[in-house]
file run13.txt (compact mmCIF, C-alpha atoms)
# COMPACT_ATOMS: atom_id res chain seq x y z
CA MET A 11 -23.46 -19.00 32.27
CA LYS A 12 -20.62 -16.62 31.37
CA THR A 13 -18.08 -19.21 32.53
CA LEU A 14 -19.79 -21.89 30.45
CA PHE A 15 -19.58 -19.75 27.31
CA MET A 16 -15.91 -19.04 27.99
CA VAL A 17 -15.13 -22.73 28.40
CA LEU A 18 -16.97 -23.57 25.19
CA PHE A 19 -15.14 -20.80 23.39
CA LEU A 20 -11.76 -21.98 24.61
CA PHE A 21 -12.53 -25.52 23.51
CA THR A 22 -13.39 -24.12 20.07
CA VAL A 23 -10.16 -22.15 19.89
CA GLU A 24 -8.18 -25.18 20.97
CA ALA A 25 -9.87 -27.27 18.32
CA VAL A 26 -8.81 -25.00 15.48
CA ALA A 27 -5.33 -24.13 16.73
CA ASP A 28 -2.63 -25.18 14.31
CA ASP A 29 0.28 -25.45 16.69
CA LEU A 30 -0.99 -27.94 19.26
CA PRO A 31 1.56 -30.55 20.29
CA THR A 32 1.20 -33.78 18.36
CA PRO A 33 0.81 -37.03 20.32
CA PRO A 34 4.03 -38.97 20.85
CA ALA A 35 4.83 -41.66 18.32
CA PRO A 36 4.34 -45.28 19.49
CA GLU A 37 8.09 -45.87 19.75
CA ALA A 38 8.32 -42.95 22.17
CA ALA A 39 5.51 -44.15 24.39
CA ASP A 40 7.85 -44.84 27.29
CA PHE A 41 8.64 -41.12 27.69
CA ASP A 42 8.07 -40.10 31.30
CA PHE A 43 5.28 -37.50 31.45
CA ASP A 44 4.97 -37.73 35.23
CA PHE A 45 6.54 -34.32 36.00
CA ASP A 46 6.39 -33.27 39.61
CA PHE A 47 5.41 -29.62 39.13
CA ASP A 48 4.13 -27.98 42.28
CA PHE A 49 2.27 -24.82 41.20
CA ASP A 50 0.52 -22.62 43.72
CA ASP A 51 -2.81 -20.94 42.91
CA PHE A 52 -1.17 -17.70 41.75
CA GLU A 53 1.15 -19.50 39.33
CA LEU A 54 -1.70 -21.61 37.97
CA ASN A 55 -3.84 -18.54 37.44
CA PHE A 56 -0.94 -16.77 35.75
CA LEU A 57 -0.20 -19.67 33.40
CA PHE A 58 -3.88 -20.22 32.60
CA GLY A 59 -4.35 -16.50 31.98
CA ALA A 60 -1.39 -16.40 29.61
CA TRP A 61 -2.73 -19.42 27.73
CA VAL A 62 -6.20 -17.86 27.47
CA ALA A 63 -4.77 -14.55 26.24
CA ARG A 64 -2.70 -16.30 23.60
CA ALA A 65 -5.64 -18.42 22.49
CA LEU A 66 -7.88 -15.37 22.28
CA ARG A 67 -5.29 -13.49 20.21
CA LYS A 68 -5.02 -16.43 17.81
CA ALA A 69 -8.78 -16.69 17.54
CA GLU A 70 -9.14 -12.97 16.92
CA HIS A 71 -6.47 -13.07 14.20
CA ARG A 72 -8.09 -16.05 12.52
CA LEU A 73 -11.56 -14.60 12.69
CA SER A 74 -10.27 -11.34 11.22
CA HIS A 75 -8.47 -13.19 8.42
CA TYR A 76 -11.45 -15.38 7.56
CA GLY A 77 -13.79 -12.42 7.89
CA ILE A 78 -11.81 -10.43 5.31
CA ALA A 79 -11.59 -13.46 3.01
CA LEU A 80 -15.34 -14.01 3.25
CA THR A 81 -16.03 -10.33 2.61
CA ASP A 82 -13.75 -10.43 -0.44
CA VAL A 83 -15.65 -13.41 -1.86
CA ILE A 84 -18.90 -11.52 -1.43
CA ASP A 85 -17.45 -8.31 -2.86
CA LEU A 86 -16.00 -10.19 -5.83
CA ARG A 87 -19.44 -11.57 -6.56
CA LYS A 88 -21.09 -8.16 -6.17
CA SER A 89 -18.51 -6.52 -8.40
CA ARG A 90 -19.36 -8.57 -11.49
CA HIS A 91 -21.90 -6.03 -12.68
CA HIS A 92 -19.74 -2.89 -12.42
CA ASP A 93 -19.41 -1.11 -15.74
CA ILE A 94 -15.74 -0.67 -16.71
CA ARG A 95 -16.22 0.15 -20.39
CA ASP A 96 -15.16 3.80 -19.95
CA ILE A 97 -11.91 3.05 -18.12
CA GLU A 98 -9.00 4.24 -20.26
CA SER A 99 -6.18 3.96 -17.73
CA VAL A 100 -5.20 1.77 -14.79
CA CYS A 101 -2.39 3.39 -12.83
CA LEU A 102 -0.38 1.84 -10.00
CA ALA A 103 1.82 3.83 -7.66
CA LEU A 104 5.42 2.65 -7.28
CA GLY A 105 8.26 3.60 -4.97
CA PRO A 106 8.53 4.05 -1.20
CA TYR A 107 5.74 4.72 1.23
CA ARG A 108 5.62 8.14 2.93
CA ASN A 109 6.35 9.60 -0.48
CA LEU A 110 3.33 11.82 -1.25
CA THR A 111 1.38 8.77 -2.40
CA THR A 112 -1.57 9.50 -0.11
CA LEU A 113 -1.56 13.15 -1.15
CA THR A 114 -1.48 12.12 -4.80
CA ALA A 115 -4.24 9.55 -4.32
CA THR A 116 -6.40 12.10 -2.53
CA THR A 117 -5.85 14.65 -5.28
CA LEU A 118 -6.90 12.13 -7.93
CA PHE A 119 -9.91 11.14 -5.83
CA LEU A 120 -11.12 14.73 -6.20
CA HIS A 121 -11.38 14.22 -9.96
CA PRO A 122 -14.95 13.38 -11.03
CA ASN A 123 -13.79 10.51 -13.26
CA CYS A 124 -11.01 8.91 -11.18
CA GLN A 125 -11.64 6.03 -8.77
CA VAL A 126 -8.96 5.46 -6.13
CA LEU A 127 -8.15 2.26 -4.26
CA ASN A 128 -6.12 2.67 -1.08
CA HIS A 129 -3.81 -0.21 -0.07
CA ALA A 130 -5.52 -3.67 0.02
CA GLY A 131 -2.45 -5.37 -1.45
CA GLN A 132 -2.80 -8.25 0.99
CA ARG A 133 -6.27 -8.88 -0.46
CA ILE A 134 -5.19 -8.72 -4.10
CA TYR A 135 -1.66 -10.07 -4.45
CA GLY A 136 -1.88 -13.84 -4.15
CA ASN A 137 -5.58 -13.89 -4.99
CA ARG A 138 -5.65 -15.76 -8.30
CA GLN A 139 -8.97 -14.19 -9.24
CA VAL A 140 -7.70 -10.59 -9.28
CA ASP A 141 -3.88 -10.66 -9.08
CA PHE A 142 -3.25 -9.55 -12.67
CA LEU A 143 0.53 -9.31 -12.18
CA GLN A 144 0.53 -13.10 -11.87
CA ASP A 145 -0.20 -14.86 -15.18
CA PHE A 146 -1.57 -11.71 -16.77
CA SER A 147 -4.73 -11.76 -18.83
CA GLU A 148 -7.15 -9.04 -19.85
CA GLU A 149 -9.93 -10.98 -18.16
CA LYS A 150 -8.05 -10.96 -14.85
CA LEU A 151 -7.29 -7.24 -15.10
CA ASN A 152 -10.95 -6.52 -15.79
CA ARG A 153 -11.91 -8.64 -12.79
CA PHE A 154 -9.44 -6.65 -10.69
CA LEU A 155 -10.96 -3.37 -11.92
CA ARG A 156 -14.47 -4.41 -10.93
CA PHE A 157 -13.25 -5.70 -7.56
CA ALA A 158 -11.24 -2.52 -6.93
CA ILE A 159 -14.28 -0.37 -7.68
CA GLN A 160 -16.32 -2.44 -5.25
CA ILE A 161 -13.93 -2.39 -2.29
CA SER A 162 -12.81 1.23 -2.84
CA SER A 163 -16.23 2.34 -1.68
CA SER A 164 -15.80 0.90 1.82
CA GLY A 165 -12.94 -0.73 3.74
CA ASP A 166 -10.82 0.48 6.62
CA ARG A 167 -7.61 2.27 7.50
CA GLY A 168 -4.24 0.59 7.07
CA ASP A 169 -3.30 -2.50 5.07
CA ILE A 170 -6.88 -3.77 4.74
CA GLY A 171 -7.49 -0.73 2.61
CA GLY A 172 -10.45 0.29 0.51
CA SER A 173 -11.63 3.86 0.22
CA ILE A 174 -9.03 6.62 0.36
CA THR A 175 -11.44 8.45 2.67
CA HIS A 176 -10.21 6.18 5.48
CA SER A 177 -6.65 7.48 5.12
CA HIS A 178 -4.97 10.05 7.34
CA ALA A 179 -5.47 12.67 4.61
CA PHE A 180 -9.09 12.91 5.72
CA ASP A 181 -8.27 13.54 9.38
CA SER A 182 -9.70 16.72 10.87
CA ARG A 183 -6.37 18.58 10.76
CA TYR A 184 -6.51 18.60 6.95
CA ARG A 185 -8.97 20.31 4.61
CA THR A 186 -9.47 17.30 2.35
CA LYS A 187 -12.79 16.19 3.81
CA GLU A 188 -14.12 19.74 3.66
CA ILE A 189 -13.06 20.10 0.01
CA CYS A 190 -14.69 16.79 -0.92
CA GLU A 191 -17.95 17.70 0.79
CA LYS A 192 -18.12 21.13 -0.84
CA ALA A 193 -17.33 19.68 -4.26
CA GLY A 194 -19.81 16.83 -3.82
CA VAL A 195 -17.19 14.20 -4.57
CA ALA A 196 -18.78 10.74 -4.71
CA THR A 197 -17.13 7.74 -3.06
CA ARG A 198 -17.89 5.76 -6.19
CA LYS A 199 -17.77 7.84 -9.35
CA ALA A 200 -20.71 7.71 -11.75
CA ARG A 201 -18.39 7.49 -14.77
CA ILE A 202 -14.93 6.08 -14.18
CA LYS A 203 -12.28 6.81 -16.79
CA SER A 204 -9.21 6.02 -14.67
CA LEU A 205 -8.48 3.82 -11.66
CA PHE A 206 -5.53 4.67 -9.43
CA TRP A 207 -4.21 2.09 -6.95
CA LYS A 208 -2.05 3.33 -4.09
CA GLU A 209 0.03 0.40 -2.84
CA SER A 210 3.45 1.60 -3.89
CA LEU A 211 6.37 -0.28 -2.34
CA ARG A 212 4.44 -3.53 -2.03
CA THR A 213 3.77 -3.36 -5.77
CA SER A 214 7.41 -2.52 -6.55
CA ASN A 215 8.54 -5.50 -4.48
CA VAL A 216 6.04 -7.81 -6.19
CA ILE A 217 7.25 -6.79 -9.65
CA ARG A 218 10.89 -7.42 -8.73
CA GLU A 219 10.39 -10.59 -6.71
CA ARG A 220 8.26 -12.19 -9.41
CA ARG A 221 10.39 -10.76 -12.22
CA VAL A 222 7.22 -9.58 -13.91
CA ASP A 223 7.71 -9.06 -17.64
CA LEU A 224 6.11 -5.63 -17.93
CA GLY A 225 7.03 -5.38 -21.61
CA ASP A 226 4.96 -8.47 -22.35
CA ILE A 227 2.00 -7.05 -20.39
CA PHE A 228 2.28 -3.67 -22.14
CA GLU A 229 2.07 -5.41 -25.52
CA LYS A 230 -1.24 -6.95 -24.47
CA GLU A 231 -2.70 -4.11 -22.41
CA SER A 232 -2.80 -0.43 -23.38
CA ARG A 233 -4.43 0.86 -20.18
CA LEU A 234 -1.74 -0.04 -17.64
CA ARG A 235 0.75 2.58 -16.39
CA PHE A 236 2.78 3.50 -13.30
CA LEU A 237 3.28 6.70 -11.30
CA LEU A 238 6.01 7.88 -8.91
CA PRO A 239 5.62 11.05 -6.85
CA ILE A 240 9.02 12.19 -5.54
CA ARG A 241 9.23 13.73 -2.11
CA ASN A 242 12.57 14.97 -0.79
CA PRO A 243 14.25 11.54 -0.32
CA MET A 244 15.87 12.66 2.95
CA ASP A 245 12.47 13.72 4.37
CA CYS A 246 10.99 10.50 3.04
CA ALA A 247 13.70 8.47 4.83
CA VAL A 248 13.11 10.19 8.17
CA SER A 249 9.37 9.62 7.83
CA ASN A 250 9.84 5.93 6.98
CA LEU A 251 12.03 5.46 10.04
CA LYS A 252 9.55 7.27 12.30
CA THR A 253 6.52 5.31 11.14
CA GLY A 254 8.15 1.90 10.77
CA HIS A 255 7.52 1.72 7.03
CA VAL A 256 11.27 1.26 6.64
CA ASP A 257 10.60 -2.44 7.34
CA ARG A 258 9.03 -2.70 3.88
CA PHE A 259 12.43 -2.17 2.24
CA PRO A 260 14.20 -5.52 1.76
CA GLY A 261 17.10 -5.72 4.21
CA LEU A 262 16.19 -2.64 6.27
CA THR A 263 14.79 -2.43 9.79
CA ARG A 264 13.91 0.28 12.27
CA SER A 265 17.52 0.17 13.45
CA SER A 266 18.81 1.06 9.97
CA SER A 267 20.52 4.42 9.59
CA THR A 268 18.94 7.40 7.85
CA GLN A 269 21.67 7.19 5.20
CA GLU A 270 20.82 3.55 4.47
CA CYS A 271 17.17 4.45 4.12
CA VAL A 272 17.98 7.40 1.82
CA HIS A 273 20.01 5.11 -0.42
CA ALA A 274 17.15 2.58 -0.55
CA ILE A 275 14.73 5.34 -1.56
CA LEU A 276 17.07 6.58 -4.28
CA ASP A 277 17.45 3.01 -5.52
CA GLU A 278 13.66 2.88 -5.90
CA ILE A 279 13.69 6.12 -7.88
CA PHE A 280 16.50 4.99 -10.20
CA TRP A 281 14.81 1.61 -10.73
CA PHE A 282 11.68 3.50 -11.80
CA ALA A 283 13.77 5.71 -14.10
CA LYS A 284 15.25 2.64 -15.77
CA LEU A 285 11.78 1.31 -16.48
CA GLN A 286 10.70 4.72 -17.76
CA SER A 287 13.63 4.77 -20.19
CA GLU A 288 12.36 1.46 -21.61
CA PHE A 289 8.67 2.39 -21.63
CA PRO A 290 8.44 6.21 -21.59
CA ASP A 291 4.70 6.35 -22.24
CA ARG A 292 3.90 4.07 -19.30
CA PHE A 293 5.87 5.71 -16.48
CA HIS A 294 5.51 9.20 -15.10
CA TYR A 295 7.03 11.02 -12.12
CA PHE A 296 6.83 14.48 -10.59
CA PHE A 297 8.70 16.31 -7.83
CA GLU A 298 6.94 17.77 -4.82
CA TYR A 299 8.24 21.26 -5.64
CA ASP A 300 6.66 21.02 -9.13
CA ILE A 301 3.06 21.02 -7.88
CA SER A 302 1.28 23.55 -10.08
CA PRO A 303 -1.60 23.79 -12.58
CA ALA A 304 0.80 22.69 -15.35
CA MET A 305 1.89 19.62 -13.35
CA LEU A 306 -1.75 18.66 -12.76
CA VAL A 307 -2.55 19.05 -16.46
CA ASP A 308 0.38 16.71 -17.27
CA LEU A 309 -0.82 14.22 -14.66
CA ALA A 310 -4.35 14.27 -16.08
CA GLY A 311 -2.97 13.72 -19.56
CA PHE A 312 -0.90 10.75 -18.39
CA LEU A 313 -4.05 9.17 -16.92
CA GLN A 314 -6.16 10.17 -19.91
CA LEU A 315 -8.40 12.33 -17.73
CA ASP A 316 -9.85 15.69 -18.66
CA PRO A 317 -7.91 18.58 -17.00
CA ASP A 318 -11.08 19.74 -15.27
CA VAL A 319 -10.64 23.35 -14.07
CA THR A 320 -12.61 22.82 -10.85
CA TRP A 321 -10.53 19.73 -10.10
CA ILE A 322 -7.28 21.66 -10.60
CA ASP A 323 -8.46 24.44 -8.27
CA ASN A 324 -9.45 21.94 -5.57
CA ALA A 325 -6.27 19.91 -6.08
CA LEU A 326 -4.05 22.93 -5.53
CA VAL A 327 -5.79 23.59 -2.22
CA ALA A 328 -5.47 19.95 -1.16
CA MET A 329 -1.84 19.50 -2.23
CA LYS A 330 -0.28 21.55 0.51
CA ILE A 331 3.13 20.19 1.48
CA ASN A 332 4.21 20.38 5.10
CA PRO A 333 7.66 21.86 5.80
CA GLY A 334 10.45 19.31 5.55
CA TYR A 335 12.91 18.16 8.19
CA ASP A 336 16.28 19.68 8.97
CA HIS A 337 19.16 17.43 7.91
CA GLU A 338 22.79 17.33 8.90
CA ASP A 339 25.36 18.43 6.33
CA ALA A 340 26.92 14.97 6.33
CA LEU A 341 23.64 13.39 5.25
CA ALA A 342 23.17 15.98 2.50
CA ARG A 343 26.70 15.35 1.20
CA SER A 344 26.12 11.59 1.22
CA TYR A 345 22.83 12.14 -0.59
CA LEU A 346 24.44 14.22 -3.33
CA ASP A 347 27.30 11.76 -3.76
CA TYR A 348 24.83 8.90 -4.20
CA VAL A 349 22.69 10.85 -6.67
CA ASN A 350 25.76 11.79 -8.73
CA SER A 351 27.18 8.26 -8.79
CA GLU A 352 24.05 6.13 -9.17
CA GLY A 353 21.99 8.58 -11.19
CA ALA A 354 24.58 9.47 -13.80
CA CYS A 355 22.54 7.71 -16.49
CA PHE A 356 19.54 9.92 -15.73
CA PRO A 357 20.82 13.52 -15.92
CA GLU A 358 17.42 15.25 -15.92
CA LEU A 359 16.14 13.20 -12.99
CA SER A 360 19.41 13.65 -11.07
CA ALA A 361 19.26 17.41 -11.55
CA GLY A 362 15.78 17.37 -10.07
CA LEU A 363 16.99 15.33 -7.11
CA ARG A 364 19.91 17.65 -6.47
CA ALA A 365 17.45 20.56 -6.28
CA PHE A 366 16.29 19.25 -2.89
CA VAL A 367 19.63 20.34 -1.40
CA HIS A 368 19.73 24.10 -1.13
call {"tool": "encode", "arguments": {"input": "run13.txt", "output": "structure tokens"}}
result
Amino acid sequence: MKTLFMVLFLFTVEAVADDLPTPPAPEAADFDFDFDFDFDDFELNFLFGAWVARALRKAEHRLSHYGIALTDVIDLRKSRHHDIRDIESVCLALGPYRNLTTLTATTLFLHPNCQVLNHAGQRIYGNRQVDFLQDFSEEKLNRFLRFAIQISSSGDRGDIGGSITHSHAFDSRYRTKEICEKAGVATRKARIKSLFWKESLRTSNVIRERRVDLGDIFEKESRLRFLLPIRNPMDCAVSNLKTGHVDRFPGLTRSSSTQECVHAILDEIFWFAKLQSEFPDRFHYFFEYDISPAMLVDLAGFLQLDPDVTWIDNALVAMKINPGYDHEDALARSYLDYVNSEGACFPELSAGLRAFVH
């Protein structure tokens, strides 16, 4: 019986495979298919096993893809009744990954009126129903908000995304889960005044690749804004190389040098600064060494959230920064040279970046 089910399954996989060889055209019908291959039992078993493994991997990938798509359709339908009337700000993270974005998202999640969506870019960008950076409309942004509220209450770790509670910040080695439980933080907030979406570099790339006219969107939509936490760019580069997130930078790979990665990160920061100079009320950044009650009050103000005292106390406990990496003098000199040359137009920002080199 087990063999029968396997055979039926393999026939199913074969039927839906998209890379099966096409039959020869009539004019090629005289091609000689009578190969004289003499396989022994071991070779046949090996080849068959490899084919089965490949077919199973394809089927698993397809089932996962269709499963997510089906779930999104259901979630989109369920989300239609979510109340978004109190939402005053929609904030998207920009800049590199491994750049305090998870820490920032977790801190905002602690706020009683902030809903946080973790990742899920692959489920939103390209989805005409909710991808508001493509052919923007208020209706589409509102649909995104309802959908984001729906999927941010569940989901999974990694790119699939969903609730920030699935992120590494809630692993047992951190205090985040304990803080949330003691504070009674709800996965879905009863009254949502701000929605924060953590999908930083993917969003930055989408804006650039599509040449999104943010000025046009800002004229139509008062709620939208962007946030950039700034970790020590040299630490951020090392972390990106270690985790493989460096692949998300156009033109970089895991074999790229630390210096190349540092420059890419600084380019992201200066790109953000240029946008901030054009739209100062819509872009906000902070440095990791600035974490303090005053910084949190500023962040709350940017998102139009109340600077809740309990939230600030809990946030300061949660926002503990691990010690950075040791860097060679040559890398530090290269870093400073790049900051001084490329950041000359942004003296205040550049001074803050230079402060990372002691």
call {"tool": "atom_distance", "arguments": {"input": "run13.txt", "atom1": "CA of Asp93 in chain A", "atom2": "CA of Gly172 in chain A"}}
result
18.6 Å
call {"tool": "residues_around", "arguments": {"input": "run13.txt", "residues": "Glu188 in chain A", "least_positions_apart": "5", "cutoff": "12 Å", "atoms": "all atoms listed in the file", "output": "JSON, numbers by chain"}}
result
{"A": [120, 175, 179, 180, 181, 182, 183, 193, 194, 195, 324, 327, 328]}
call {"tool": "write_last_selection", "arguments": {"input": "run13.txt", "atoms": "C-alpha atoms", "output": "CSV table (one decimal), in the coordinates of the input"}}
result
chain,number,residue,atom,x,y,z
A,120,LEU,CA,-11.1,14.7,-6.2
A,175,THR,CA,-11.4,8.4,2.7
A,179,ALA,CA,-5.5,12.7,4.6
A,180,PHE,CA,-9.1,12.9,5.7
A,181,ASP,CA,-8.3,13.5,9.4
A,182,SER,CA,-9.7,16.7,10.9
A,183,ARG,CA,-6.4,18.6,10.8
A,193,ALA,CA,-17.3,19.7,-4.3
A,194,GLY,CA,-19.8,16.8,-3.8
A,195,VAL,CA,-17.2,14.2,-4.6
A,324,ASN,CA,-9.4,21.9,-5.6
A,327,VAL,CA,-5.8,23.6,-2.2
A,328,ALA,CA,-5.5,20.0,-1.2
call {"tool": "residues_near_point", "arguments": {"input": "run13.txt", "point": "(9.7, -9.0, 4.0)", "cutoff": "12 Å", "atoms": "all atoms listed in the file", "output": "ChimeraX atom specification"}}
result
/A:211-212,215-216,219,255-263
call {"tool": "residues_around", "arguments": {"input": "run13.txt", "residues": "His294 in chain A", "least_positions_apart": "3", "cutoff": "8 Å", "atoms": "all atoms listed in the file", "output": "ChimeraX atom specification"}}
result
/A:236-238,286,290-291,312
call {"tool": "residues_near_point", "arguments": {"input": "run13.txt", "point": "(-5.3, 0.0, 6.9)", "cutoff": "12 Å", "atoms": "all atoms listed in the file", "output": "short mmCIF file (atom, residue, chain, number, x, y, z; two decimals) with C-alpha atoms, in the frame of the given file"}}
result
data_model
loop_
_atom_site.label_atom_id
_atom_site.label_comp_id
_atom_site.auth_asym_id
_atom_site.auth_seq_id
_atom_site.Cartn_x
_atom_site.Cartn_y
_atom_site.Cartn_z
CA LEU A 127 -8.15 2.26 -4.26
CA ASN A 128 -6.12 2.67 -1.08
CA HIS A 129 -3.81 -0.21 -0.07
CA ALA A 130 -5.52 -3.67 0.02
CA GLY A 131 -2.45 -5.37 -1.45
CA GLN A 132 -2.80 -8.25 0.99
CA ARG A 133 -6.27 -8.88 -0.46
CA SER A 164 -15.80 0.90 1.82
CA GLY A 165 -12.94 -0.73 3.74
CA ASP A 166 -10.82 0.48 6.62
CA ARG A 167 -7.61 2.27 7.50
CA GLY A 168 -4.24 0.59 7.07
CA ASP A 169 -3.30 -2.50 5.07
CA ILE A 170 -6.88 -3.77 4.74
CA GLY A 171 -7.49 -0.73 2.61
CA GLY A 172 -10.45 0.29 0.51
CA SER A 173 -11.63 3.86 0.22
CA ILE A 174 -9.03 6.62 0.36
CA THR A 175 -11.44 8.45 2.67
CA HIS A 176 -10.21 6.18 5.48
CA SER A 177 -6.65 7.48 5.12
CA HIS A 178 -4.97 10.05 7.34
CA LYS A 208 -2.05 3.33 -4.09
CA GLU A 209 0.03 0.40 -2.84
#
call {"tool": "residues_around", "arguments": {"input": "run13.txt", "residues": "Gly353 in chain A", "least_positions_apart": "5", "cutoff": "12 Å", "atoms": "all atoms listed in the file", "output": "number ranges by chain"}}
result
A: 273, 276-284, 345-348, 358-364
call {"tool": "residues_around", "arguments": {"input": "run13.txt", "residues": "Leu110 in chain A", "least_positions_apart": "6", "cutoff": "10 Å", "atoms": "all atoms listed in the file", "output": "PyMOL selection string"}}
result
chain A and resi 116+238-242+246+297-298+329+331
call {"tool": "closest_residue", "arguments": {"input": "run13.txt", "among": "A:Ser287, A:Thr81, A:Gln125, A:Asn250", "to": "Ile275 in chain A", "atoms": "all atoms listed in the file"}}
result
A:Asn250
call {"tool": "closest_atom_pairs", "arguments": {"input": "run13.txt", "of": "range 185-283 of chain A", "to": "range 147-154 of chain A", "cutoff": "12 Å", "atoms": "all atoms listed in the file", "output": "tab-separated table"}}
result
residue	atom	partner	partner_atom	distance
A:Leu205	CA	A:Phe154	CA	10.6
A:Trp207	CA	A:Phe154	CA	10.9
A:Asp226	CA	A:Ser147	CA	10.8
A:Ile227	CA	A:Ser147	CA	8.4
A:Phe228	CA	A:Glu148	CA	11.1
A:Glu229	CA	A:Glu148	CA	11.4
A:Lys230	CA	A:Glu148	CA	7.8
A:Glu231	CA	A:Glu148	CA	7.1
A:Ser232	CA	A:Glu148	CA	10.3
A:Arg233	CA	A:Leu151	CA	10.0
A:Leu234	CA	A:Leu151	CA	9.4
call {"tool": "atom_distance", "arguments": {"input": "run13.txt", "atom1": "CA of Thr114 in chain A", "atom2": "CA of Tyr135 in chain A"}}
result
22.2 Å
call {"tool": "closest_residue", "arguments": {"input": "run13.txt", "among": "A:Phe289, A:Phe146, A:Tyr184, A:Phe157", "to": "Val222 in chain A", "atoms": "only C-alpha atoms"}}
result
A:Phe146
call {"tool": "closest_residue", "arguments": {"input": "run13.txt", "among": "A:Asp300, A:Glu191, A:Glu352, A:Glu98", "to": "Leu315 in chain A", "atoms": "only C-alpha atoms"}}
result
A:Glu98
call {"tool": "atom_distance", "arguments": {"input": "run13.txt", "atom1": "CA of Ser214 in chain A", "atom2": "CA of Gln144 in chain A"}}
result
13.7 Å
call {"tool": "closest_residue", "arguments": {"input": "run13.txt", "among": "A:His368, A:Ser249, A:Ile159, A:Ala304", "to": "Val319 in chain A", "atoms": "all atoms listed in the file"}}
result
A:Ala304
call {"tool": "residues_around", "arguments": {"input": "run13.txt", "residues": "Arg156 in chain A", "least_positions_apart": "6", "cutoff": "9 Å", "atoms": "only C-alpha atoms", "output": "mmCIF file with C-alpha atoms, in the frame of the given file"}}
result
data_model
loop_
_atom_site.group_PDB
_atom_site.id
_atom_site.type_symbol
_atom_site.label_atom_id
_atom_site.label_comp_id
_atom_site.auth_asym_id
_atom_site.auth_seq_id
_atom_site.Cartn_x
_atom_site.Cartn_y
_atom_site.Cartn_z
ATOM 1 C CA LEU A 86 -16.000 -10.190 -5.830
ATOM 2 C CA LYS A 88 -21.090 -8.160 -6.170
ATOM 3 C CA SER A 89 -18.510 -6.520 -8.400
ATOM 4 C CA ARG A 90 -19.360 -8.570 -11.490
ATOM 5 C CA HIS A 91 -21.900 -6.030 -12.680
ATOM 6 C CA HIS A 92 -19.740 -2.890 -12.420
ATOM 7 C CA ASP A 93 -19.410 -1.110 -15.740
ATOM 8 C CA ILE A 94 -15.740 -0.670 -16.710
#
call {"tool": "closest_residue", "arguments": {"input": "run13.txt", "among": "A:Ser204, A:Ser266, A:Thr253, A:Thr112", "to": "Arg235 in chain A", "atoms": "only C-alpha atoms"}}
result
A:Ser204
call {"tool": "closest_residue", "arguments": {"input": "run13.txt", "among": "A:Ala325, A:Val307, A:Ala103, A:Ile217", "to": "Thr186 in chain A", "atoms": "only C-alpha atoms"}}
result
A:Ala325
